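K.L.:
Next up is a structure, given as structure tokens.
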Number of protein chains: 2
Amino acid sequence: MAKGFLYGGVRCGLKNKRRDVGVIYSEVPATSAGVFTRNVVRAACVDFSRRSVEGGVLRAIAVNSGNANCCTGVQGEVDCARTAEIAADALDVPAGQVAVASTGVIGQPLDMTKLERGVREACVHLQGDPSPFMEAILTTDLVEKQASAILGGGTIRGFAKGSGMIEPNMATLLGFIVTDLIVEREDLQRALREANEASFNCLTVDGDTSTNDMLFLMANGASGHRPTYPEFAHALATVCTDLARQVARDGEGATKLLEIVVRGTEDPRRVAKTIANSPLVKTAMFGCDPNWGRVLAAAGRSGVPFDPALVRLALIANDERHELFCRGEPTGFDPARVSADLKDDTVRIEFDAPGELEATVYTCDFGYGYVRINAEYHT
Amino acid sequence: MAKGFLYGGVRCGLKNKRRDVGVIYSEVPATSAGVFTRNVVRAACVDFSRRSVEGGVLRAIAVNSGNANCCTGVQGEVDCARTAEIAADALDVPAGQVAVASTGVIGQPLDMTKLERGVREACVHLQGDPSPFMEAILTTDLVEKQASAILGGGTIRGFAKGSGMIEPNMATLLGFIVTDLIVEREDLQRALREANEASFNCLTVDGDTSTNDMLFLMANGASGHRPTYPEFAHALATVCTDLARQVARDGEGATKLLEIVVRGTEDPRRVAKTIANSPLVKTAMFGCDPNWGRVLAAAGRSGVPFDPALVRLALIANDERHELFCRGEPTGFDPARVSADLKDDTVRIEFDAPGELEATVYTCDFGYGYVRINAEYHT
């Protein structure tokens with residue numbers, strides 16, 4: 001566990017059930033970094049927390065689920081700032097060193113009476129065990145997501161929530177990473193940006209972020225260990241990728257994690273994201289259908305040029321590798337056998353074309369559950 | 001009806017049921033224009049027909065459904081050219097004046113024995129009634145699509161097929177437009193490109209075209225009437241838009257046609273397409289949920305800048321106009337009443353922001369039917 005960090009999570013009634021208010025607290029000032037949604041429609045907490053992070057030091061992050069406090073006008077900004085003040089007062093830290101994250105329905109004013117009670121209660125029940133915190137940040141998530149890496153005498157520990165579907169739902173993608181390693185602020189921000197690019201930003205298409213998405217990183221140095229930049233960047237990327245895979249696997253209605261690996265072409269990431277976001281590919285995987293034609297057609301409309309005659313397509317599932325398409329034509333694969341292996345809960349789609357670049361994108365399949373969750377949910 | 005055009009449609013067995021081979025024939029050489037898929041993975045018939053159209057004159061188009069003859073290598077090119085030769089021979093016209101369109105499964109060689117029989121039979125049963133032809137070009141379509149416009153003494157008549165879902169399925173989007181008006185080739189191609197941009201290309205995101213998509217226009221001048229360019233372009237656009245709306249409405253699993261109208265911003269079409277392709281917006285419409293937050297969040301990630309505080313969002317359904325969002329906050333609309341109106345089979349989403357430009361995009365809602373059709377279909 002990362003030394004010097006305490007966690008709290010309680011229920012204040014913003015959601016019908018489960019805890020809905022969480023707090024992360026660092027016993028000493030922590031160097032901070034953050035990545036924030038690029039959506040032009042942003043919740044008040046996004047701009048507020050960016051300012052807190054840009055201050056360079058964080059002592060705490062207050063999170064609520066059940067209400068995103070987005071599209072709530074000036075009152076939303078007031079309520080966000082007030083939330084930070086409440087946490088700062090309860091923890092006796094400067095309000096400017098508190099970040100705020102909200103997730104849930106949008107367009108509804110926050111019930112500040114409930115939230116204030118919740119934040120104060122969470123702050124007086126801080127503990128080393130993050131379980132209550134992890135529950136408090138969930139919305140449509142079915143499972144809690146955490147990952148960690150040990151580096152010398154220190155630890156990097158991350159928590160995430162998100163329904164990780166084709167688009168992050170109003171449910172939002174939130175990531176909280178803490179470490180007791182010693183890292184300078186510039187390195188911290190640079191490593192977080194790089195790790196985010198290769199992990200959370202590979203869950204969906206570019207800019208496909210919700211109104212409240214945020215990723216935080218706090219480093220309090222409590223371990224006394226100072227890693228090299230490459231060591232730290234690598235370990236952080238491992239944690240973020242682990243979390244991103246967990247988010248994809250927990251996608252709304254998902255039955256499997258899909259890893260899209262594209263090698264070659266001048267923009268493999270764009271090809272991989274176009275494949276990953278194709279509802280036809282996603283529904284085929286849900287149906288355990290080795291439909292290489294849909295994969296190839298999606299790649300073909302990605303805007304990235306390639307020669308289909310030089311493409312090789314393969315599916316890896318159930319520890320079996322199946323070549324489906326080669327030299328412009330389908331191979332003589334056995335659809336029934338491939339389909340049986342596609343029942344696996346993790347499927348890797350490999351697209352190989354000439355070129356040195358490579359990219360991996362994480363997504364999930366697309367079934368009835370997604371429609372149920374998103375059509376039957378009501379405003 | 002457009003004078004001098006005859007149609008044929010028969011069943012040769014490429015599909016399990018329904019007719020699967022169709023022919024359009026012009027009694028006199030027709031000036032030709034065409035628009036073709038930009039997908040780098042293309043069926044042989046796309047390049048073949050582009051060459052035929054570029055010849056400037058078409059006498060006939062031979063179409064088969066049930067097999068897209070795509071990713072079938074050199075044999076596919078041979079079979080495509082052979083199909084044109086068979087039609088040319090049966091109709092006694094130059095093979096270079098015959099276009100070919102195929103739609104259906106990909107990666108399977110064409111059964112040329114069946115197809116040859118079908119093409120010859122269709123050519124000897126030509127008639128003025130296009131009904132058999134319209135049936136022959138369908139795949140997962142539930143209904144036939146046709147539209148027409150009368151201009152002076154002449155007629156423009158169009159036929160289309162397509163499942164018009166989020167992405168054109170392998171089912172492909174095909175359009176065939178004939179007119180007995182007199183139109184010069186350059187005007188014909190220009191008018192078709194413009195009409196396609198505002199209609200079929202507004203069904204899905206840019207470049208989001210399948211491996212076989214094609215739109216043909218044949219003008220044989222049989223009416224003796226020569227319209228002005230503006231007259232013709234306007235009438236052609238009307239026909240194409242009518243067809244595009246029919247394709248969207250017939251989207252796989254669709255229960256309603258969605259018209260996304262964006263006024264203002266520097267790129268309203270991009271905003272409209274991002275909204276139209278949001279699975280969250282589509283599932284909300286399927287669930288009759290007036291979820292303005294999803295519409296706003298989709299617009300916000302389109303990459304087109306705008307100030308949410310200056311945006312107005314409205315839904316028009318069941319002849320009622322409901323303002324949902326205004327000046328950065330939701331209006332006090334009655335969700336139950338809006339939801340009741342959203343049961344209508346046509347819903348218009350209006351997004352208003354400062355700016356002079358305007359765009360309309362056509363799509364459909366997104367329900368269980370789409371998952372069923374695309375997950376349970378097997379390669």
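Each chain of the structure tokens is named A, B, ... in the order shown, its residues numbered from 1; ligands are numbered from 1 in display order.
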Please list as a count of residues only every residue within 8 Å of region 212-222 of chain B, counting only C-alpha atoms and excluding residues in the same chain fewer than 3 positions away.
P.N.:
41
K.L.:
Determine which residues of chain B sit within 7 Å of chain A, taking into account only C-alpha atoms, and present them as JSON, numbers by chain.
P.N.:
{"B": [39, 40, 41, 71, 72, 73, 106, 107, 207, 208, 209, 210, 211, 280, 283, 284, 286, 287, 289, 290, 291, 293, 297, 300, 301, 305, 308, 328, 329, 330, 367, 368, 371, 374, 375, 376, 378, 379]}
K.L.:
Which residues in region 187-274 of chain A does DSSP call alpha helix (DSSP H)? List them as a PyMOL selection string.
P.N.:
chain A and resi 187-198+229-249+268-274
K.L.:
Write out as an NGL selection string all residues of region 3-178 of chain B that DSSP puts in strand (DSSP E or B) for this structure's backbone.
P.N.:
:B and (5-10 or 21-36 or 57-67 or 98-105 or 127 or 145-151 or 154-161 or 174-178)
K.L.:
Do you have the CA of Leu126 (chain A)-CA of Glu144 (chain A) distance handy?
P.N.:
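About the pair CA of Leu126 (chain A) and CA of Glu144 (chain A): they are 18.8 Å apart.
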K.L.:
Identify, on the basis of only C-alpha atoms, every residue whose closest approach to Asn318 (chain B) does not exceed 9 Å; exclude the query and any residue fewer than 2 positions from it along the same chain; express the result as a list in words.
P.N.:
Ile316, Glu320, Arg321, Ala340, Asp341, Leu342, Lys343, Asp344, Asp345, Thr346 and Val347 of chain B
K.L.:
Quick one: residues within 9 Å of region 9-25 of chain A, only C-alpha atoms counted, chain neighbours fewer than 6 positions away excluded, as an MDAnalysis selection string?
P.N.:
chainID A and resid 58:67 87 91 104 110:111 114:119 121:123 125:126 130:139 176
K.L.:
Could you please determine the separation between CA of Arg82 (chain B) and CA of Phe5 (chain B) in Å, to one decimal place?
P.N.:
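Computed distance, CA of Arg82 (chain B) to CA of Phe5 (chain B), equals 23.2 Å.
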